[in-house]
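Colleague: One file: query.txt (compact mmCIF, C-alpha atoms and all ligand atoms).
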```txt
# COMPACT_ATOMS: atom_id res chain seq x y z
CA MET G 1 97.90 -39.77 -133.95
CA LYS G 2 95.90 -38.78 -130.87
CA GLY G 3 96.15 -35.74 -128.68
CA ALA G 4 96.67 -32.01 -129.03
CA PHE G 5 99.55 -30.70 -131.11
CA ARG G 6 101.17 -27.38 -131.80
CA THR G 7 103.31 -26.83 -134.88
CA ARG G 8 104.01 -24.54 -137.82
CA GLY G 9 103.09 -25.28 -141.40
CA LEU G 10 102.90 -24.11 -144.99
CA VAL G 11 99.48 -24.38 -146.67
CA LEU G 12 99.70 -26.47 -149.86
CA ARG G 13 96.02 -26.58 -150.72
CA CYS G 14 92.73 -25.11 -149.46
CA THR G 15 89.34 -26.56 -150.24
CA ASP G 16 86.09 -24.96 -149.15
CA TYR G 17 84.02 -27.31 -147.08
CA SER G 18 80.46 -26.23 -146.26
CA GLU G 19 79.51 -22.57 -146.00
CA THR G 20 81.83 -21.87 -143.12
CA SER G 21 84.67 -24.37 -143.09
CA GLN G 22 87.78 -25.36 -145.00
CA ILE G 23 89.89 -28.46 -145.45
CA VAL G 24 93.55 -27.55 -145.74
CA ARG G 25 96.58 -29.63 -146.62
CA VAL G 26 99.60 -28.38 -144.72
CA PHE G 27 103.30 -29.21 -144.84
CA THR G 28 104.04 -29.08 -141.12
CA ARG G 29 107.42 -28.81 -139.49
CA ASP G 30 106.87 -31.71 -137.09
CA HIS G 31 104.47 -34.10 -138.83
CA GLY G 32 105.06 -33.67 -142.56
CA VAL G 33 102.01 -33.35 -144.80
CA ILE G 34 98.68 -33.44 -142.94
CA ASP G 35 95.05 -32.62 -143.72
CA LEU G 36 93.11 -30.44 -141.33
CA LEU G 37 89.44 -29.62 -141.04
CA ALA G 38 89.07 -26.01 -139.90
CA LYS G 39 85.50 -25.50 -138.69
CA GLY G 40 84.37 -21.92 -139.03
CA SER G 41 87.56 -20.68 -140.67
CA ARG G 42 85.69 -19.19 -143.64
CA ARG G 43 83.53 -17.04 -141.40
CA PRO G 44 85.68 -15.61 -138.65
CA VAL G 45 83.33 -13.89 -136.21
CA ARG G 46 85.85 -11.49 -134.74
CA ALA G 47 89.59 -10.96 -134.67
CA SER G 48 89.91 -13.01 -131.49
CA SER G 49 88.31 -16.11 -133.10
CA SER G 50 90.27 -19.35 -133.29
CA PHE G 51 90.77 -18.51 -136.97
CA PRO G 52 91.24 -14.75 -137.47
CA ALA G 53 90.91 -15.18 -141.27
CA PRO G 54 90.35 -17.99 -143.79
CA PHE G 55 93.40 -20.11 -144.59
CA ASP G 56 95.26 -18.98 -147.69
CA LEU G 57 97.41 -20.91 -150.16
CA ALA G 58 101.15 -20.47 -149.52
CA GLY G 59 100.51 -19.05 -146.04
CA TRP G 60 102.89 -19.96 -143.22
CA TYR G 61 100.93 -20.51 -140.01
CA ASP G 62 101.24 -21.23 -136.33
CA LEU G 63 98.83 -24.10 -135.82
CA ASN G 64 97.09 -25.95 -133.03
CA PHE G 65 95.27 -29.12 -133.96
CA ARG G 66 93.73 -32.21 -132.44
CA GLY G 67 94.89 -35.52 -133.88
CA ARG G 68 92.16 -37.99 -134.76
CA ASN G 69 92.19 -41.62 -135.80
CA THR G 70 91.35 -40.67 -139.37
CA GLU G 71 93.59 -38.94 -141.90
CA LEU G 72 91.68 -35.72 -141.35
CA HIS G 73 92.64 -33.94 -138.14
CA LEU G 74 90.91 -31.03 -136.48
CA ALA G 75 92.47 -27.57 -136.59
CA THR G 76 91.64 -25.69 -133.39
CA GLU G 77 93.57 -22.45 -133.79
CA SER G 78 95.70 -20.66 -136.36
CA ARG G 79 97.77 -17.52 -136.63
CA LEU G 80 99.33 -16.28 -139.85
CA VAL G 81 103.09 -15.81 -139.48
CA GLU G 82 103.88 -14.94 -143.13
CA GLY G 83 101.46 -14.60 -146.02
CA PHE G 84 103.89 -14.13 -148.93
CA ASP G 85 101.40 -11.68 -150.46
CA HIS G 86 103.85 -10.39 -153.07
CA LEU G 87 103.83 -13.74 -154.83
CA ARG G 88 100.39 -12.86 -156.17
CA GLN G 89 101.49 -9.66 -157.87
CA ASP G 90 103.19 -11.28 -160.84
CA ILE G 91 101.58 -14.20 -162.66
CA SER G 92 104.91 -15.90 -163.56
CA VAL G 93 106.03 -15.76 -159.96
CA TRP G 94 102.68 -17.05 -158.70
CA LEU G 95 102.77 -19.97 -161.16
CA ASP G 96 106.22 -20.91 -159.93
CA ALA G 97 105.04 -20.74 -156.32
CA THR G 98 101.98 -22.93 -156.96
CA PHE G 99 104.15 -25.41 -158.88
CA ALA G 100 106.41 -25.68 -155.80
CA LEU G 101 103.38 -26.26 -153.53
CA ASP G 102 102.05 -28.93 -155.91
CA LEU G 103 105.37 -30.74 -155.84
CA LEU G 104 105.52 -30.74 -152.04
CA ARG G 105 101.99 -32.13 -152.00
CA ASN G 106 102.76 -34.85 -154.54
CA LEU G 107 106.17 -35.97 -153.38
CA PHE G 108 105.66 -36.34 -149.64
CA SER G 109 103.21 -38.34 -147.61
CA PRO G 110 101.74 -37.95 -144.11
CA GLY G 111 104.02 -38.80 -141.22
CA ASP G 112 107.18 -38.05 -143.22
CA PRO G 113 108.50 -34.71 -141.95
CA HIS G 114 111.28 -32.88 -143.81
CA PRO G 115 112.03 -29.83 -141.66
CA GLY G 116 115.17 -29.01 -143.69
CA LEU G 117 113.30 -28.99 -146.96
CA LEU G 118 110.46 -26.97 -145.44
CA LYS G 119 113.00 -24.32 -144.45
CA GLU G 120 114.30 -24.31 -148.03
CA ALA G 121 110.76 -23.99 -149.39
CA LEU G 122 110.23 -20.90 -147.21
CA GLN G 123 113.50 -19.40 -148.42
CA TYR G 124 112.43 -20.08 -151.98
CA LEU G 125 109.05 -18.36 -151.56
CA LYS G 126 110.67 -15.43 -149.78
CA LEU G 127 113.25 -14.88 -152.56
CA LEU G 128 110.72 -15.55 -155.30
CA GLU G 129 108.70 -12.62 -153.94
CA HIS G 130 111.44 -10.23 -155.04
CA GLY G 131 111.02 -11.37 -158.64
CA VAL G 132 114.76 -11.60 -159.37
CA GLY G 133 116.44 -14.78 -160.67
CA ARG G 134 113.19 -16.71 -160.86
CA ARG G 135 114.50 -19.50 -163.12
CA ARG G 136 117.73 -19.94 -161.15
CA LEU G 137 115.71 -20.11 -157.94
CA ARG G 138 113.42 -22.72 -159.46
CA ASN G 139 116.40 -24.94 -160.34
CA ARG G 140 117.78 -24.53 -156.83
CA PHE G 141 114.45 -25.58 -155.35
CA MET G 142 114.14 -28.55 -157.72
CA GLN G 143 117.53 -29.76 -156.51
CA ALA G 144 116.46 -29.39 -152.87
CA LEU G 145 113.30 -31.42 -153.62
CA LEU G 146 115.12 -34.17 -155.51
CA SER G 147 117.74 -34.33 -152.79
CA ALA G 148 115.10 -34.66 -150.02
CA SER G 149 113.47 -37.40 -152.12
CA GLY G 150 116.80 -39.23 -152.36
CA VAL G 151 116.98 -39.06 -156.16
CA LEU G 152 119.42 -36.21 -156.82
CA PRO G 153 122.41 -37.47 -158.83
CA ASP G 154 126.01 -36.59 -158.06
CA TRP G 155 126.82 -34.00 -160.74
CA THR G 156 130.57 -34.55 -160.48
CA ARG G 157 131.08 -38.32 -160.84
CA CYS G 158 130.42 -41.02 -163.40
CA ILE G 159 128.16 -43.80 -162.09
CA GLU G 160 130.05 -46.44 -164.10
CA CYS G 161 133.76 -45.80 -163.44
CA GLU G 162 133.19 -43.46 -160.44
CA GLY G 163 135.78 -41.10 -161.90
CA GLU G 164 135.37 -37.34 -161.89
CA VAL G 165 133.53 -36.01 -164.92
CA THR G 166 135.90 -33.72 -166.80
CA GLY G 167 134.09 -33.18 -170.09
CA ARG G 168 130.84 -33.72 -171.83
CA SER G 169 128.73 -36.39 -170.12
CA GLY G 170 125.33 -38.00 -170.27
CA LEU G 171 122.53 -38.11 -167.72
CA HIS G 172 121.09 -41.56 -167.32
CA VAL G 173 117.66 -40.94 -165.74
CA PRO G 174 117.37 -41.63 -162.87
CA ALA G 175 120.77 -43.14 -162.03
CA GLY G 176 123.13 -40.26 -162.73
CA LEU G 177 125.98 -39.05 -164.92
CA ILE G 178 127.95 -41.24 -167.30
CA CYS G 179 131.26 -39.96 -168.60
CA ALA G 180 132.14 -39.93 -172.31
CA GLU G 181 134.41 -42.99 -171.95
CA CYS G 182 131.72 -45.14 -170.35
CA SER G 183 128.83 -43.82 -172.35
CA ILE G 184 126.59 -46.07 -174.38
CA LEU G 185 125.30 -44.12 -177.34
CA GLY G 186 121.72 -42.97 -177.27
CA SER G 187 121.01 -44.16 -173.75
CA CYS G 188 120.86 -40.77 -172.10
CA GLU G 189 120.55 -36.99 -172.37
CA SER G 190 123.89 -35.36 -173.00
CA LEU G 191 125.19 -32.36 -171.10
CA GLU G 192 128.10 -29.99 -171.38
CA LEU G 193 130.69 -29.80 -168.63
CA SER G 194 129.55 -26.23 -167.92
CA THR G 195 126.04 -27.51 -167.18
CA SER G 196 127.11 -30.30 -164.84
CA ARG G 197 129.40 -27.82 -163.05
CA TYR G 198 126.58 -25.28 -162.75
CA LEU G 199 124.27 -27.93 -161.26
CA ALA G 200 126.97 -29.17 -158.89
CA SER G 201 127.59 -25.73 -157.41
CA ASP G 202 123.90 -24.84 -157.51
CA SER G 203 122.96 -27.83 -155.36
CA THR G 204 124.90 -26.49 -152.38
CA ARG G 205 124.69 -22.78 -153.12
CA ASP G 206 123.55 -20.47 -150.36
CA TRP G 207 119.98 -19.41 -151.15
CA GLY G 208 120.69 -15.73 -150.70
CA LEU G 209 123.34 -15.82 -153.43
CA VAL G 210 121.18 -17.47 -156.08
CA PRO G 211 119.26 -14.41 -157.42
CA SER G 212 122.38 -12.36 -158.15
CA TRP G 213 124.42 -15.27 -159.49
CA GLU G 214 125.49 -14.75 -163.09
CA VAL G 215 124.85 -17.95 -165.00
CA PRO G 216 124.39 -17.95 -168.80
CA SER G 217 120.71 -18.44 -169.54
CA GLU G 218 121.33 -21.47 -171.79
CA GLN G 219 122.97 -23.23 -168.83
CA VAL G 220 120.02 -22.41 -166.60
CA GLU G 221 117.69 -23.74 -169.26
CA ALA G 222 119.74 -26.91 -169.85
CA GLY G 223 119.76 -27.45 -166.08
CA TRP G 224 115.99 -27.04 -165.88
CA ASN G 225 115.45 -29.59 -168.68
CA LEU G 226 117.56 -32.19 -166.88
CA LEU G 227 115.96 -31.53 -163.48
CA ARG G 228 112.53 -31.75 -165.06
CA SER G 229 113.38 -35.15 -166.62
CA LEU G 230 114.45 -36.44 -163.21
CA LEU G 231 111.31 -35.09 -161.59
CA LEU G 232 108.99 -36.54 -164.22
CA HIS G 233 110.63 -39.90 -163.81
CA HIS G 234 110.16 -39.74 -160.05
CA LEU G 235 106.52 -38.60 -160.06
CA GLU G 236 103.66 -40.91 -160.91
CA ARG G 237 102.08 -38.18 -162.95
CA PRO G 238 103.19 -34.63 -163.65
CA PRO G 239 101.37 -31.90 -161.72
CA ARG G 240 99.02 -29.84 -163.87
CA SER G 241 100.79 -26.65 -162.86
CA LEU G 242 103.88 -27.78 -164.81
CA ARG G 243 102.02 -26.98 -168.03
CA TYR G 244 101.52 -23.34 -167.07
CA LEU G 245 105.11 -22.61 -166.13
CA ARG G 246 106.92 -20.05 -168.21
CA ALA G 247 110.41 -21.04 -169.17
ZN ZN N 301 132.91 -43.31 -166.55
```
Here is the file; what I need is its structure written in the form of structure tokens.
Modeller:
Amino acid sequence: MKGAFRTRGLVLRCTDYSETSQIVRVFTRDHGVIDLLAKGSRRPVRASSSFPAPFDLAGWYDLNFRGRNTELHLATESRLVEGFDHLRQDISVWLDATFALDLLRNLFSPGDPHPGLLKEALQYLKLLEHGVGRRRLRNRFMQALLSASGVLPDWTRCIECEGEVTGRSGLHVPAGLICAECSILGSCESLELSTSRYLASDSTRDWGLVPSWEVPSEQVEAGWNLLRSLLLHHLERPPRSLRYLRA
């Protein structure tokens, strides 16, 4: 990856490097996850500097960088487009946001762009800022992540007989749903029809409608437990931030 590039990206992690610089991991629109060395970003000299302020976690930036033959590229200029400052005003909301950033960091590798998912991540952070429907939004984002990773099951069909699920079913992790007729006892986590229906409509639901959507809290919780099982199966190791999440 050689040459000069211009893109936009969401900061997934910031590490201080020397007195004046930072190393940032960014989910970029055009190149997927990349690491950038930003020389001088911790000590902006004046507002017109290449970096007007230090990079911040969960910031959405316009970026210029120079590609190098290593995995660490050189940031040359940045401009903050959206800081999502309100995420930091409520600890539960902030923990959810950092969990989302951790997942993006863990699930995707350099050179694997997912512009659609990145757009969804921005929607998620934006809506999370309002503090309404936090758990429903988290489920919606988990489905977007699993879908982009190619491991989201079809919540409407049995993987054995391919028939439509019309009653209680089981989730075989990671393959998908098994209807009551095909089920082998004890092989999977069971779910009510209401839960599989909730997850099916959630997976395609317009983001803007999620916070005001009336879903019984036990369905939201059952959905979260299933999505978490799928995620844990897919990840090599669970992110530490999962432990701090408030159900
Ligand atoms: Zn079946």
Colleague: All residues within 9 Å of ligand ZN 301 (chain N) are required, counting only C-alpha atoms and all ligand atoms; please report them as a PyMOL selection string.
Modeller: chain G and resi 157-165+169+177-183
Colleague: Considering all atoms listed in the file, state which residue in the set G:Thr98, G:Ser229, G:Ser147, G:Thr70 is at the smallest distance from Leu12 of chain G.
Modeller: G:Thr98
Colleague: Would you kindly return, as a PyMOL selection string, each protein, DNA or RNA residue with an atom no farther than 12 Å from any atom of Asp96 of chain G, considering all atoms listed in the file and excluding same-chain residues fewer than 2 positions away?
Modeller: chain G and resi 58+87-88+90-94+98-103+121+124-125+127-129+131+133-139+141-142+241-247
Colleague: Between G:Leu209, G:Val173, G:Leu199, G:Leu235, which is the closest to Gly223 of chain G once you count all atoms listed in the file?
Modeller: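 Comparing G:Leu209, G:Val173, G:Leu199, G:Leu235 against Gly223 of chain G, the winner is G:Leu199.
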Colleague: Of the residues G:Glu77, G:Asp16, G:Glu221, G:Asp85, which is the one nearest to Leu191 of chain G, using all atoms listed in the file?
Modeller: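 Counting all atoms listed in the file, the residue closest to Leu191 of chain G is G:Glu221.
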Colleague: Ranking G:Gly3, G:Pro216, G:Pro115, G:Pro54 by minimum distance to Arg68 of chain G and counting all atoms listed in the file, which one comes first?
Modeller: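 For Arg68 of chain G, the nearest of the given residues is G:Gly3.
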Colleague: Provide segment 150-182 of chain G rebuilt to N, CA and C atoms, formatted as an mmCIF file, in the coordinates of the input.
Modeller:
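So the final result, stored in selection-v5.cif, reads:
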```
data_model
loop_
_atom_site.group_PDB
_atom_site.id
_atom_site.type_symbol
_atom_site.label_atom_id
_atom_site.label_comp_id
_atom_site.auth_asym_id
_atom_site.auth_seq_id
_atom_site.Cartn_x
_atom_site.Cartn_y
_atom_site.Cartn_z
ATOM 1 N N GLY G 150 115.756 -38.208 -152.198
ATOM 2 C CA GLY G 150 116.800 -39.230 -152.360
ATOM 3 C C GLY G 150 117.105 -39.584 -153.802
ATOM 4 N N VAL G 151 116.759 -38.716 -154.742
ATOM 5 C CA VAL G 151 116.980 -39.060 -156.160
ATOM 6 C C VAL G 151 117.820 -38.010 -156.900
ATOM 7 N N LEU G 152 118.561 -37.198 -156.147
ATOM 8 C CA LEU G 152 119.420 -36.210 -156.820
ATOM 9 C C LEU G 152 120.757 -36.863 -157.179
ATOM 10 N N PRO G 153 121.135 -36.856 -158.472
ATOM 11 C CA PRO G 153 122.410 -37.470 -158.830
ATOM 12 C C PRO G 153 123.605 -36.647 -158.358
ATOM 13 N N ASP G 154 124.761 -37.298 -158.304
ATOM 14 C CA ASP G 154 126.010 -36.590 -158.060
ATOM 15 C C ASP G 154 126.434 -36.009 -159.407
ATOM 16 N N TRP G 155 126.531 -34.666 -159.470
ATOM 17 C CA TRP G 155 126.820 -34.000 -160.740
ATOM 18 C C TRP G 155 128.303 -33.985 -161.073
ATOM 19 N N THR G 156 129.128 -34.621 -160.238
ATOM 20 C CA THR G 156 130.570 -34.550 -160.480
ATOM 21 C C THR G 156 131.189 -35.893 -160.865
ATOM 22 N N ARG G 157 130.464 -37.009 -160.620
ATOM 23 C CA ARG G 157 131.080 -38.320 -160.840
ATOM 24 C C ARG G 157 130.280 -39.214 -161.773
ATOM 25 N N CYS G 158 131.030 -40.050 -162.495
ATOM 26 C CA CYS G 158 130.420 -41.020 -163.400
ATOM 27 C C CYS G 158 129.917 -42.226 -162.584
ATOM 28 N N ILE G 159 128.695 -42.671 -162.863
ATOM 29 C CA ILE G 159 128.160 -43.800 -162.090
ATOM 30 C C ILE G 159 128.781 -45.132 -162.487
ATOM 31 N N GLU G 160 129.429 -45.186 -163.653
ATOM 32 C CA GLU G 160 130.050 -46.440 -164.100
ATOM 33 C C GLU G 160 131.456 -46.603 -163.514
ATOM 34 N N CYS G 161 132.358 -45.654 -163.866
ATOM 35 C CA CYS G 161 133.760 -45.800 -163.440
ATOM 36 C C CYS G 161 134.048 -45.040 -162.142
ATOM 37 N N GLU G 162 133.062 -44.254 -161.671
ATOM 38 C CA GLU G 162 133.190 -43.460 -160.440
ATOM 39 C C GLU G 162 134.263 -42.392 -160.519
ATOM 40 N N GLY G 163 134.785 -42.161 -161.734
ATOM 41 C CA GLY G 163 135.780 -41.100 -161.900
ATOM 42 C C GLY G 163 135.099 -39.740 -162.000
ATOM 43 N N GLU G 164 135.908 -38.695 -161.793
ATOM 44 C CA GLU G 164 135.370 -37.340 -161.890
ATOM 45 C C GLU G 164 135.044 -37.032 -163.351
ATOM 46 N N VAL G 165 133.920 -36.379 -163.568
ATOM 47 C CA VAL G 165 133.530 -36.010 -164.920
ATOM 48 C C VAL G 165 134.296 -34.761 -165.331
ATOM 49 N N THR G 166 135.057 -34.854 -166.427
ATOM 50 C CA THR G 166 135.900 -33.720 -166.800
ATOM 51 C C THR G 166 135.552 -33.174 -168.185
ATOM 52 N N GLY G 167 134.497 -33.675 -168.770
ATOM 53 C CA GLY G 167 134.090 -33.180 -170.090
ATOM 54 C C GLY G 167 132.607 -33.382 -170.267
ATOM 55 N N ARG G 168 132.232 -33.446 -171.503
ATOM 56 C CA ARG G 168 130.840 -33.720 -171.830
ATOM 57 C C ARG G 168 130.426 -35.067 -171.223
ATOM 58 N N SER G 169 129.184 -35.139 -170.711
ATOM 59 C CA SER G 169 128.730 -36.390 -170.120
ATOM 60 C C SER G 169 127.280 -36.633 -170.507
ATOM 61 N N GLY G 170 126.727 -37.718 -170.007
ATOM 62 C CA GLY G 170 125.330 -38.000 -170.270
ATOM 63 C C GLY G 170 124.598 -38.215 -168.962
ATOM 64 N N LEU G 171 123.316 -37.838 -168.927
ATOM 65 C CA LEU G 171 122.530 -38.110 -167.720
ATOM 66 C C LEU G 171 121.682 -39.344 -168.004
ATOM 67 N N HIS G 172 121.938 -40.386 -167.235
ATOM 68 C CA HIS G 172 121.090 -41.560 -167.320
ATOM 69 C C HIS G 172 120.008 -41.386 -166.259
ATOM 70 N N VAL G 173 118.752 -41.165 -166.704
ATOM 71 C CA VAL G 173 117.660 -40.940 -165.740
ATOM 72 C C VAL G 173 117.161 -42.291 -165.257
ATOM 73 N N PRO G 174 117.078 -42.552 -163.951
ATOM 74 C CA PRO G 174 117.370 -41.630 -162.870
ATOM 75 C C PRO G 174 118.746 -41.846 -162.220
ATOM 76 N N ALA G 175 119.572 -42.737 -162.773
ATOM 77 C CA ALA G 175 120.770 -43.140 -162.030
ATOM 78 C C ALA G 175 121.821 -42.059 -161.843
ATOM 79 N N GLY G 176 122.127 -41.300 -162.900
ATOM 80 C CA GLY G 176 123.130 -40.260 -162.730
ATOM 81 C C GLY G 176 123.971 -40.058 -163.966
ATOM 82 N N LEU G 177 125.130 -39.409 -163.786
ATOM 83 C CA LEU G 177 125.980 -39.050 -164.920
ATOM 84 C C LEU G 177 126.831 -40.222 -165.402
ATOM 85 N N ILE G 178 127.051 -40.254 -166.703
ATOM 86 C CA ILE G 178 127.950 -41.240 -167.300
ATOM 87 C C ILE G 178 128.963 -40.465 -168.135
ATOM 88 N N CYS G 179 130.235 -40.722 -167.890
ATOM 89 C CA CYS G 179 131.260 -39.960 -168.600
ATOM 90 C C CYS G 179 131.362 -40.420 -170.052
ATOM 91 N N ALA G 180 132.066 -39.646 -170.869
ATOM 92 C CA ALA G 180 132.140 -39.930 -172.310
ATOM 93 C C ALA G 180 132.764 -41.308 -172.566
ATOM 94 N N GLU G 181 133.737 -41.701 -171.747
ATOM 95 C CA GLU G 181 134.410 -42.990 -171.950
ATOM 96 C C GLU G 181 133.471 -44.170 -171.700
ATOM 97 N N CYS G 182 132.613 -44.031 -170.714
ATOM 98 C CA CYS G 182 131.720 -45.140 -170.350
ATOM 99 C C CYS G 182 130.399 -45.101 -171.104
#
```
